[in-house]
Every structure is written in structure tokens, then in C-alpha cells.
>>> print(open('input-v3.pdb').read())   # PDB, C-alpha atoms, pLDDT in the B column
MODEL        1
ATOM      1  CA  MET A 207     327.620 297.789  98.138  1.00 44.00           C
ATOM      2  CA  SER A 208     324.387 295.805  98.020  1.00 45.00           C
ATOM      3  CA  SER A 209     321.237 296.167 100.051  1.00 47.00           C
ATOM      4  CA  GLY A 210     321.997 293.096 102.160  1.00 54.00           C
ATOM      5  CA  THR A 211     318.736 291.530 100.979  1.00 67.00           C
ATOM      6  CA  ASP A 212     318.800 288.370  98.866  1.00 73.00           C
ATOM      7  CA  PRO A 213     317.537 289.437  95.404  1.00 72.00           C
ATOM      8  CA  SER A 214     316.399 285.878  94.682  1.00 78.00           C
ATOM      9  CA  ALA A 215     313.604 286.372  97.227  1.00 86.00           C
ATOM     10  CA  ALA A 216     311.771 288.670  94.780  1.00 91.00           C
ATOM     11  CA  ARG A 217     308.876 287.148  92.815  1.00 90.00           C
ATOM     12  CA  ILE A 218     305.836 288.115  90.748  1.00 94.00           C
ATOM     13  CA  VAL A 219     302.594 288.230  92.737  1.00 95.00           C
ATOM     14  CA  SER A 220     300.145 289.168  89.968  1.00 94.00           C
ATOM     15  CA  VAL A 221     299.860 290.760  86.516  1.00 94.00           C
ATOM     16  CA  LYS A 222     296.849 292.826  85.432  1.00 94.00           C
ATOM     17  CA  PRO A 223     295.945 295.363  82.724  1.00 92.00           C
ATOM     18  CA  LEU A 224     296.769 299.017  83.450  1.00 93.00           C
ATOM     19  CA  GLU A 225     294.908 302.033  82.092  1.00 94.00           C
ATOM     20  CA  ASN A 226     297.043 304.920  80.836  1.00 95.00           C
ATOM     21  CA  LYS A 227     295.384 307.275  83.315  1.00 94.00           C
ATOM     22  CA  ASP A 228     296.715 305.142  86.164  1.00 94.00           C
ATOM     23  CA  ALA A 229     300.263 304.795  84.789  1.00 94.00           C
ATOM     24  CA  ARG A 230     303.107 306.855  86.248  1.00 93.00           C
ATOM     25  CA  TRP A 231     306.042 306.077  83.969  1.00 93.00           C
ATOM     26  CA  LEU A 232     304.727 304.686  80.673  1.00 95.00           C
ATOM     27  CA  ASN A 233     301.731 305.066  78.378  1.00 96.00           C
ATOM     28  CA  LEU A 234     300.506 302.835  75.559  1.00 96.00           C
ATOM     29  CA  VAL A 235     299.903 304.882  72.401  1.00 96.00           C
ATOM     30  CA  GLN A 236     298.689 304.211  68.873  1.00 96.00           C
ATOM     31  CA  ILE A 237     300.715 305.786  66.076  1.00 97.00           C
ATOM     32  CA  GLU A 238     299.128 306.443  62.704  1.00 97.00           C
ATOM     33  CA  TYR A 239     301.624 306.675  59.862  1.00 96.00           C
ATOM     34  CA  LEU A 240     301.999 306.475  56.096  1.00 97.00           C
ATOM     35  CA  THR A 241     303.901 303.577  54.529  1.00 96.00           C
ATOM     36  CA  PRO A 242     306.190 304.129  51.501  1.00 96.00           C
ATOM     37  CA  ASP A 243     303.360 302.991  49.191  1.00 96.00           C
ATOM     38  CA  GLY A 244     300.967 305.584  50.632  1.00 96.00           C
ATOM     39  CA  GLN A 245     298.867 303.351  52.878  1.00 97.00           C
ATOM     40  CA  THR A 246     297.728 304.545  56.297  1.00 98.00           C
ATOM     41  CA  ARG A 247     298.552 302.114  59.080  1.00 97.00           C
ATOM     42  CA  GLN A 248     298.541 301.993  62.876  1.00 97.00           C
ATOM     43  CA  TRP A 249     301.282 300.929  65.253  1.00 97.00           C
ATOM     44  CA  GLU A 250     301.111 300.296  68.982  1.00 96.00           C
ATOM     45  CA  ALA A 251     303.995 301.683  71.029  1.00 97.00           C
ATOM     46  CA  ILE A 252     305.116 302.589  74.530  1.00 95.00           C
ATOM     47  CA  HIS A 253     305.664 306.248  75.391  1.00 94.00           C
ATOM     48  CA  ARG A 254     307.769 307.283  78.397  1.00 92.00           C
ATOM     49  CA  THR A 255     306.023 310.092  80.247  1.00 92.00           C
ATOM     50  CA  THR A 256     308.944 311.337  82.347  1.00 90.00           C
ATOM     51  CA  THR A 257     311.497 312.455  79.722  1.00 91.00           C
ATOM     52  CA  PRO A 258     312.633 315.981  80.705  1.00 92.00           C
ATOM     53  CA  LYS A 259     312.159 318.617  77.994  1.00 90.00           C
ATOM     54  CA  SER A 260     315.618 319.873  78.941  1.00 91.00           C
ATOM     55  CA  SER A 261     317.280 316.509  78.217  1.00 90.00           C
ATOM     56  CA  PRO A 262     319.908 316.789  75.431  1.00 86.00           C
ATOM     57  CA  GLY A 263     318.596 315.110  72.294  1.00 88.00           C
ATOM     58  CA  GLY A 264     315.529 313.876  74.160  1.00 91.00           C
ATOM     59  CA  VAL A 265     317.610 311.201  75.913  1.00 94.00           C
ATOM     60  CA  ASP A 266     315.614 309.290  78.549  1.00 94.00           C
ATOM     61  CA  SER A 267     318.309 307.227  80.198  1.00 95.00           C
ATOM     62  CA  VAL A 268     322.038 306.704  80.566  1.00 96.00           C
ATOM     63  CA  HIS A 269     323.945 303.433  80.847  1.00 97.00           C
ATOM     64  CA  ILE A 270     327.409 303.436  82.398  1.00 97.00           C
ATOM     65  CA  ILE A 271     330.204 301.196  81.145  1.00 97.00           C
ATOM     66  CA  ALA A 272     332.545 301.486  84.122  1.00 97.00           C
ATOM     67  CA  VAL A 273     335.937 299.754  84.239  1.00 96.00           C
ATOM     68  CA  ARG A 274     338.759 299.482  86.747  1.00 93.00           C
ATOM     69  CA  SER A 275     342.325 298.238  86.594  1.00 80.00           C
ATOM     70  CA  CYS A 276     343.440 295.466  88.923  1.00 69.00           C
ATOM     71  CA  SER A 277     346.000 296.664  91.471  1.00 68.00           C
ATOM     72  CA  SER A 278     348.134 293.533  90.974  1.00 68.00           C
ATOM     73  CA  ASP A 279     348.067 293.833  87.168  1.00 73.00           C
ATOM     74  CA  PRO A 280     347.148 297.267  85.718  1.00 71.00           C
ATOM     75  CA  SER A 281     346.759 295.754  82.240  1.00 76.00           C
ATOM     76  CA  ARG A 282     343.900 293.554  83.487  1.00 86.00           C
ATOM     77  CA  LYS A 283     340.592 295.395  83.278  1.00 93.00           C
ATOM     78  CA  GLU A 284     337.317 294.595  85.018  1.00 96.00           C
ATOM     79  CA  ILE A 285     333.841 295.862  84.171  1.00 97.00           C
ATOM     80  CA  LEU A 286     331.125 296.737  86.680  1.00 98.00           C
ATOM     81  CA  LEU A 287     327.745 295.011  86.349  1.00 98.00           C
ATOM     82  CA  GLU A 288     324.634 294.761  88.503  1.00 98.00           C
ATOM     83  CA  LYS A 289     322.119 292.122  89.540  1.00 97.00           C
ATOM     84  CA  GLN A 290     318.593 293.492  89.909  1.00 95.00           C
ATOM     85  CA  PHE A 291     315.165 291.867  89.879  1.00 96.00           C
ATOM     86  CA  ARG A 292     313.113 293.151  86.931  1.00 96.00           C
ATOM     87  CA  PRO A 293     309.361 292.449  87.180  1.00 95.00           C
ATOM     88  CA  PRO A 294     308.670 292.410  83.391  1.00 95.00           C
ATOM     89  CA  ALA A 295     311.294 289.673  82.971  1.00 96.00           C
ATOM     90  CA  GLY A 296     310.288 287.949  86.194  1.00 95.00           C
ATOM     91  CA  LYS A 297     313.960 287.299  86.891  1.00 96.00           C
ATOM     92  CA  ILE A 298     317.102 288.834  88.290  1.00 96.00           C
ATOM     93  CA  CYS A 299     318.651 290.743  85.403  1.00 97.00           C
ATOM     94  CA  ILE A 300     322.327 291.320  84.626  1.00 98.00           C
ATOM     95  CA  GLU A 301     322.694 294.981  83.700  1.00 98.00           C
ATOM     96  CA  PHE A 302     324.997 297.948  83.422  1.00 98.00           C
ATOM     97  CA  PRO A 303     324.522 300.654  86.062  1.00 98.00           C
ATOM     98  CA  ALA A 304     321.898 302.966  84.569  1.00 97.00           C
ATOM     99  CA  GLY A 305     319.210 305.492  85.310  1.00 96.00           C
ATOM    100  CA  LEU A 306     316.868 308.184  84.060  1.00 95.00           C
ATOM    101  CA  VAL A 307     318.001 311.723  83.289  1.00 95.00           C
ATOM    102  CA  ASP A 308     316.728 314.357  85.719  1.00 95.00           C
ATOM    103  CA  PRO A 309     315.474 317.796  84.574  1.00 94.00           C
ATOM    104  CA  ASN A 310     318.291 320.241  83.730  1.00 93.00           C
ATOM    105  CA  GLU A 311     320.897 317.498  84.156  1.00 93.00           C
ATOM    106  CA  SER A 312     323.668 316.767  81.668  1.00 92.00           C
ATOM    107  CA  ILE A 313     324.218 313.243  80.410  1.00 93.00           C
ATOM    108  CA  GLU A 314     327.636 313.033  82.094  1.00 94.00           C
ATOM    109  CA  THR A 315     326.319 314.325  85.419  1.00 95.00           C
ATOM    110  CA  CYS A 316     323.476 311.805  85.290  1.00 95.00           C
ATOM    111  CA  ALA A 317     325.906 308.956  84.607  1.00 96.00           C
ATOM    112  CA  LEU A 318     328.190 309.740  87.548  1.00 97.00           C
ATOM    113  CA  ARG A 319     325.225 310.358  89.856  1.00 97.00           C
ATOM    114  CA  GLU A 320     323.581 307.035  88.987  1.00 97.00           C
ATOM    115  CA  LEU A 321     326.902 305.216  89.303  1.00 98.00           C
ATOM    116  CA  ARG A 322     327.367 306.599  92.813  1.00 97.00           C
ATOM    117  CA  GLU A 323     323.748 306.020  93.875  1.00 97.00           C
ATOM    118  CA  GLU A 324     323.502 302.442  92.599  1.00 97.00           C
ATOM    119  CA  THR A 325     326.994 301.158  93.430  1.00 97.00           C
ATOM    120  CA  GLY A 326     328.612 303.629  95.823  1.00 97.00           C
ATOM    121  CA  TYR A 327     331.557 304.118  93.470  1.00 97.00           C
ATOM    122  CA  VAL A 328     332.824 307.548  92.448  1.00 97.00           C
ATOM    123  CA  GLY A 329     333.884 307.461  88.806  1.00 96.00           C
ATOM    124  CA  GLU A 330     335.248 309.734  86.115  1.00 94.00           C
ATOM    125  CA  VAL A 331     334.054 310.039  82.517  1.00 95.00           C
ATOM    126  CA  MET A 332     336.728 308.800  80.111  1.00 91.00           C
ATOM    127  CA  GLY A 333     338.092 311.831  78.292  1.00 75.00           C
ATOM    128  CA  LYS A 334     338.926 310.280  74.925  1.00 63.00           C
ATOM    129  CA  VAL A 335     335.842 308.082  74.676  1.00 61.00           C
ATOM    130  CA  GLY A 336     333.160 309.846  76.709  1.00 64.00           C
ATOM    131  CA  GLY A 337     329.680 308.995  75.495  1.00 83.00           C
ATOM    132  CA  SER A 338     328.215 307.021  72.639  1.00 89.00           C
ATOM    133  CA  MET A 339     325.853 308.272  69.978  1.00 92.00           C
ATOM    134  CA  VAL A 340     322.187 308.556  70.962  1.00 93.00           C
ATOM    135  CA  MET A 341     320.578 305.124  70.576  1.00 95.00           C
ATOM    136  CA  PHE A 342     316.998 303.844  70.516  1.00 95.00           C
ATOM    137  CA  GLY A 343     316.681 301.021  73.038  1.00 91.00           C
ATOM    138  CA  SER A 344     313.760 299.219  71.357  1.00 94.00           C
ATOM    139  CA  PRO A 345     312.638 301.159  68.263  1.00 95.00           C
ATOM    140  CA  ALA A 346     309.948 298.629  67.330  1.00 96.00           C
ATOM    141  CA  SER A 347     308.039 299.330  70.533  1.00 96.00           C
ATOM    142  CA  SER A 348     309.308 302.634  71.954  1.00 95.00           C
ATOM    143  CA  ALA A 349     310.932 305.946  71.056  1.00 93.00           C
ATOM    144  CA  ALA A 350     312.963 305.894  74.292  1.00 94.00           C
ATOM    145  CA  LYS A 351     316.570 306.984  73.759  1.00 95.00           C
ATOM    146  CA  THR A 352     319.698 306.142  75.698  1.00 95.00           C
ATOM    147  CA  VAL A 353     323.410 306.949  75.713  1.00 95.00           C
ATOM    148  CA  PHE A 354     326.358 304.856  76.907  1.00 96.00           C
ATOM    149  CA  ILE A 355     328.853 306.748  79.054  1.00 96.00           C
ATOM    150  CA  HIS A 356     332.316 305.229  79.441  1.00 95.00           C
ATOM    151  CA  ALA A 357     333.798 305.757  82.894  1.00 96.00           C
ATOM    152  CA  THR A 358     336.789 304.667  84.946  1.00 94.00           C
ATOM    153  CA  ILE A 359     336.787 303.884  88.663  1.00 95.00           C
ATOM    154  CA  ASP A 360     339.973 304.275  90.659  1.00 92.00           C
ATOM    155  CA  THR A 361     339.449 301.770  93.468  1.00 89.00           C
ATOM    156  CA  GLY A 362     342.640 303.000  95.098  1.00 89.00           C
ATOM    157  CA  LYS A 363     341.039 306.309  96.052  1.00 91.00           C
ATOM    158  CA  PRO A 364     339.752 306.615  99.640  1.00 93.00           C
ATOM    159  CA  GLU A 365     336.155 307.264  98.499  1.00 94.00           C
ATOM    160  CA  ASN A 366     336.142 303.930  96.646  1.00 94.00           C
ATOM    161  CA  GLN A 367     337.623 301.759  99.413  1.00 91.00           C
ATOM    162  CA  THR A 368     334.295 300.901 101.062  1.00 93.00           C
ATOM    163  CA  PRO A 369     331.609 302.053  98.612  1.00 95.00           C
ATOM    164  CA  VAL A 370     328.080 302.361  99.988  1.00 94.00           C
ATOM    165  CA  ALA A 371     325.163 302.650  97.571  1.00 95.00           C
ATOM    166  CA  GLU A 372     322.430 305.260  98.026  1.00 94.00           C
ATOM    167  CA  LEU A 373     319.493 303.137  96.890  1.00 93.00           C
ATOM    168  CA  GLU A 374     315.957 304.451  96.608  1.00 90.00           C
ATOM    169  CA  ASP A 375     313.052 302.797  98.388  1.00 91.00           C
ATOM    170  CA  GLY A 376     312.256 299.542  96.591  1.00 88.00           C
ATOM    171  CA  GLU A 377     315.682 299.274  94.919  1.00 90.00           C
ATOM    172  CA  PHE A 378     317.709 296.123  95.601  1.00 92.00           C
ATOM    173  CA  ILE A 379     320.887 296.165  93.537  1.00 94.00           C
ATOM    174  CA  GLU A 380     323.954 293.936  93.825  1.00 95.00           C
ATOM    175  CA  PRO A 381     327.007 295.346  91.992  1.00 96.00           C
ATOM    176  CA  PHE A 382     329.785 292.955  90.976  1.00 97.00           C
ATOM    177  CA  TRP A 383     332.969 292.999  88.911  1.00 96.00           C
ATOM    178  CA  VAL A 384     333.734 290.767  85.923  1.00 96.00           C
ATOM    179  CA  PRO A 385     337.080 290.483  84.096  1.00 95.00           C
ATOM    180  CA  LEU A 386     336.615 292.248  80.759  1.00 95.00           C
ATOM    181  CA  ALA A 387     338.595 289.531  78.965  1.00 93.00           C
ATOM    182  CA  SER A 388     336.124 286.833  80.068  1.00 96.00           C
ATOM    183  CA  LEU A 389     332.914 288.908  79.924  1.00 97.00           C
ATOM    184  CA  HIS A 390     331.416 286.837  77.109  1.00 97.00           C
ATOM    185  CA  SER A 391     331.891 283.491  78.856  1.00 97.00           C
ATOM    186  CA  GLN A 392     330.761 284.906  82.194  1.00 97.00           C
ATOM    187  CA  ILE A 393     327.547 286.291  80.680  1.00 97.00           C
ATOM    188  CA  ARG A 394     326.808 282.952  79.014  1.00 97.00           C
ATOM    189  CA  ARG A 395     327.370 281.187  82.322  1.00 98.00           C
ATOM    190  CA  LEU A 396     325.000 283.559  84.107  1.00 98.00           C
ATOM    191  CA  ALA A 397     322.348 283.000  81.417  1.00 98.00           C
ATOM    192  CA  GLU A 398     322.692 279.231  81.874  1.00 98.00           C
ATOM    193  CA  GLU A 399     322.205 279.726  85.609  1.00 97.00           C
ATOM    194  CA  GLY A 400     318.839 281.362  84.948  1.00 96.00           C
ATOM    195  CA  PHE A 401     319.636 285.067  85.061  1.00 97.00           C
ATOM    196  CA  ALA A 402     318.023 287.371  82.516  1.00 98.00           C
ATOM    197  CA  ILE A 403     320.639 289.169  80.418  1.00 98.00           C
ATOM    198  CA  ASP A 404     319.922 292.776  79.515  1.00 97.00           C
ATOM    199  CA  SER A 405     320.325 293.064  75.743  1.00 96.00           C
ATOM    200  CA  LYS A 406     322.782 295.957  76.082  1.00 96.00           C
ATOM    201  CA  VAL A 407     325.111 293.853  78.215  1.00 98.00           C
ATOM    202  CA  GLY A 408     324.691 290.857  75.910  1.00 97.00           C
ATOM    203  CA  ILE A 409     325.353 292.852  72.736  1.00 97.00           C
ATOM    204  CA  TYR A 410     328.380 294.520  74.309  1.00 97.00           C
ATOM    205  CA  ALA A 411     329.790 291.105  75.260  1.00 97.00           C
ATOM    206  CA  GLU A 412     329.030 289.638  71.825  1.00 96.00           C
ATOM    207  CA  GLY A 413     330.726 292.618  70.149  1.00 96.00           C
ATOM    208  CA  LEU A 414     333.871 292.139  72.234  1.00 95.00           C
ATOM    209  CA  GLU A 415     333.922 288.431  71.438  1.00 95.00           C
ATOM    210  CA  MET A 416     333.363 289.011  67.728  1.00 95.00           C
ATOM    211  CA  GLY A 417     336.168 291.559  67.649  1.00 94.00           C
ATOM    212  CA  ARG A 418     338.437 289.075  69.415  1.00 92.00           C
ATOM    213  CA  THR A 419     337.440 286.267  67.013  1.00 92.00           C
ATOM    214  CA  LEU A 420     338.049 288.404  63.935  1.00 94.00           C
ATOM    215  CA  ASN A 421     341.202 289.877  65.426  1.00 88.00           C
ATOM    216  CA  VAL A 422     339.919 293.396  65.008  1.00 83.00           C
ATOM    217  CA  ALA A 423     342.346 295.898  66.497  1.00 61.00           C
TER     218      ALA A 423
ENDMDL
END
>>> encode(input="input-v3.pdb", output="C-alpha cells")
Amino acid sequence: MSSGTDPSAARIVSVKPLENKDARWLNLVQIEYLTPDGQTRQWEAIHRTTTPKSSPGGVDSVHIIAVRSCSSDPSRKEILLEKQFRPPAGKICIEFPAGLVDPNESIETCALRELREETGYVGEVMGKVGGSMVMFGSPASSAAKTVFIHATIDTGKPENQTPVAELEDGEFIEPFWVPLASLHSQIRRLAEEGFAIDSKVGIYAEGLEMGRTLNVA
């Protein structure tokens, strides 16, 4: 399931300014806008250059919330997470499986493709839940949009017995399962151990814990 390479061996070598003309994925832009009181102001933002024009709703990326039932106790659910070194954070990050939408690709197709490529698992989109609303990942700095796709993985199927990821060159991803009931405490433990926690994973865990605390059905 993983690359077989220790992700903790990754490290930052150097950081230097990058001109937009030399950037492949992102550009820095200046937005001029009018405030409610009529003043003209400027705002610096990041613009993703690879968003397909065919992408539904201008969605850049998809994040997959994939769960499985334990064979010994079907009522016990586990959620699939990943460990991956992220250079901007300078740390190994705890994330959901995710990826960018390809041209002429549906959101659901992208989700299942990325799930298979990054983890080796073959999943199915949950019929009653499906996808989330379109969300802005960091609206103060970027217009990039994402969608959460809810999926199930039947680990009893032959194709999921010995999953093998199809990682791209330079990708080193370690998938792992966490009991959904203890996700909040597990994420806190990982943060204390020095892992960077992707905000989407952290917010999801905090939401589950808040719902449990408030006894929200």
C-alpha cells in the first residue's frame, strides 16, 4: 500500500522566491476590488493554473472520505487516512486521499480514480450521501474549490485483499486506517507526535467530537 520508503526521510533543502512565469501549478495574483464603502483596495491571492474548464462548478480538487466496516464487528467503522510529506508545511501531513480533477472528468470518477491510485483500494460512492457542497479551501488566499466525496470500501472483495497503489513519480504516500469512533483522539495524538494535520481532517474530527459531546443525532 505504501511506497516502501520511509516518509520521515524527506526534508526541506532550500526555499527561494518563484516568478509566476516559472510556476507550473500556482500563480500569485493581485485582485483589485471595491469595499462596501466604495473604496478601491488590493488583495494578494494564489491562483491555480490547472483547473480544467470542463470541471463541474470550477472544482479544482476532490477529497475522499472513505470508510470500511470491520469484519469482526460490522457496526465498527474505520476511516482511511494518509501520511504524506508536504514541503510547504515541512512535515509529514495527515490527510484524506485527494487529488486534482482531470479534464472532462466527473467529480465521482476523479474521487474513485484518486482513491485507487493513492491507496490501491477500489471504492464505491455512497448512494445516499454522495458528495458535499462545493467548498472554498482557503478563501482568504485562494479561489480554489473542493468537494468531499463519501465512499465505502469493501475489504472483503478480492481486489481489496492486497491493494497496491499506483503512485506517480515523486509521490510517497502511506495509507492507514483509524477507528472512526476514536478519530478525534487519534488525530490529537498524531499532532502531539509532530505530524502536521490537514485542516480538513482536523475539522472533520472536531465536528464528529462536537456532535458526540452535544449528543447530536
>>> closest_atom_pairs(input="input-v3.pdb", of="range 290-373 of chain A", to="range 381-400 of chain A", cutoff="12 Å", atoms="only C-alpha atoms", output="tab-separated table")
residue	atom	partner	partner_atom	distance
A:Gln290	CA	A:Pro381	CA	8.9
A:Ala295	CA	A:Gly400	CA	11.4
A:Gly296	CA	A:Gly400	CA	10.9
A:Lys297	CA	A:Gly400	CA	7.9
A:Ile298	CA	A:Gly400	CA	8.4
A:Cys299	CA	A:Gly400	CA	9.4
A:Ile300	CA	A:Leu396	CA	8.2
A:Glu301	CA	A:Pro381	CA	9.4
A:Phe302	CA	A:Pro381	CA	9.2
A:Pro303	CA	A:Pro381	CA	8.3
A:Ala304	CA	A:Pro381	CA	11.8
A:Leu321	CA	A:Pro381	CA	10.2
A:Arg322	CA	A:Pro381	CA	11.3
A:Glu323	CA	A:Pro381	CA	11.3
A:Glu324	CA	A:Pro381	CA	7.9
A:Thr325	CA	A:Pro381	CA	6.0
A:Gly326	CA	A:Pro381	CA	9.3
A:Tyr327	CA	A:Pro381	CA	10.0
A:Ile359	CA	A:Trp383	CA	11.5
A:Thr361	CA	A:Trp383	CA	11.8
A:Pro369	CA	A:Pro381	CA	10.5
A:Val370	CA	A:Pro381	CA	10.7
A:Ala371	CA	A:Pro381	CA	9.4
A:Leu373	CA	A:Pro381	CA	11.9
>>> resolve_selection(input="input-v3.pdb", expression="the PyMOL selection byres ((chain A and resi 346) around 12)", output="short mmCIF file (atom, residue, chain, number, x, y, z; two decimals) with C-alpha atoms, keeping the file's coordinate frame")
data_model
loop_
_atom_site.label_atom_id
_atom_site.label_comp_id
_atom_site.auth_asym_id
_atom_site.auth_seq_id
_atom_site.Cartn_x
_atom_site.Cartn_y
_atom_site.Cartn_z
CA ILE A 237 300.71 305.79 66.08
CA TRP A 249 301.28 300.93 65.25
CA GLU A 250 301.11 300.30 68.98
CA ALA A 251 304.00 301.68 71.03
CA ILE A 252 305.12 302.59 74.53
CA HIS A 253 305.66 306.25 75.39
CA PHE A 342 317.00 303.84 70.52
CA GLY A 343 316.68 301.02 73.04
CA SER A 344 313.76 299.22 71.36
CA PRO A 345 312.64 301.16 68.26
CA SER A 347 308.04 299.33 70.53
CA SER A 348 309.31 302.63 71.95
CA ALA A 349 310.93 305.95 71.06
CA ALA A 350 312.96 305.89 74.29
#
>>> atom_distance(input="input-v3.pdb", atom1="CA of Ser261 in chain A", atom2="CA of Val307 in chain A")
7.0 Å
>>> closest_residue(input="input-v3.pdb", among="A:Lys406, A:Arg254, A:Arg247, A:Arg217", to="Arg230 in chain A", atoms="all atoms listed in the file")
A:Arg254
>>> atom_distance(input="input-v3.pdb", atom1="CA of Trp231 in chain A", atom2="CA of Ser267 in chain A")
12.9 Å
>>> residues_around(input="input-v3.pdb", residues="Gly264 in chain A", least_positions_apart="4", cutoff="10 Å", atoms="all atoms listed in the file", output="ChimeraX atom specification")
/A:257-260,307,340,349-352
>>> closest_residue(input="input-v3.pdb", among="A:Val422, A:Asp279, A:Ile270, A:Glu374", to="Ala357 in chain A", atoms="only C-alpha atoms")
A:Ile270
>>> atom_distance(input="input-v3.pdb", atom1="CA of Pro213 in chain A", atom2="CA of Thr256 in chain A")
26.9 Å
>>> closest_residue(input="input-v3.pdb", among="A:Gly333, A:Gly408, A:Pro293, A:Gly244", to="Ile218 in chain A", atoms="all atoms listed in the file")
A:Pro293
>>> closest_residue(input="input-v3.pdb", among="A:Asp360, A:Glu238, A:Glu415, A:Asp375", to="Pro280 in chain A", atoms="only C-alpha atoms")
A:Asp360
>>> resolve_selection(input="input-v3.pdb", expression="the PyMOL selection byres ((chain A and resi 378) around 7)", output="PDB file with C-alpha atoms, keeping the file's coordinate frame")
ATOM      1  CA  SER A 209     321.237 296.167 100.051  1.00 47.00           C
ATOM      2  CA  PRO A 213     317.537 289.437  95.404  1.00 72.00           C
ATOM      3  CA  GLN A 290     318.593 293.492  89.909  1.00 95.00           C
ATOM      4  CA  GLY A 376     312.256 299.542  96.591  1.00 88.00           C
ATOM      5  CA  GLU A 377     315.682 299.274  94.919  1.00 90.00           C
ATOM      6  CA  ILE A 379     320.887 296.165  93.537  1.00 94.00           C
ATOM      7  CA  GLU A 380     323.954 293.936  93.825  1.00 95.00           C
TER       8      GLU A 380
END
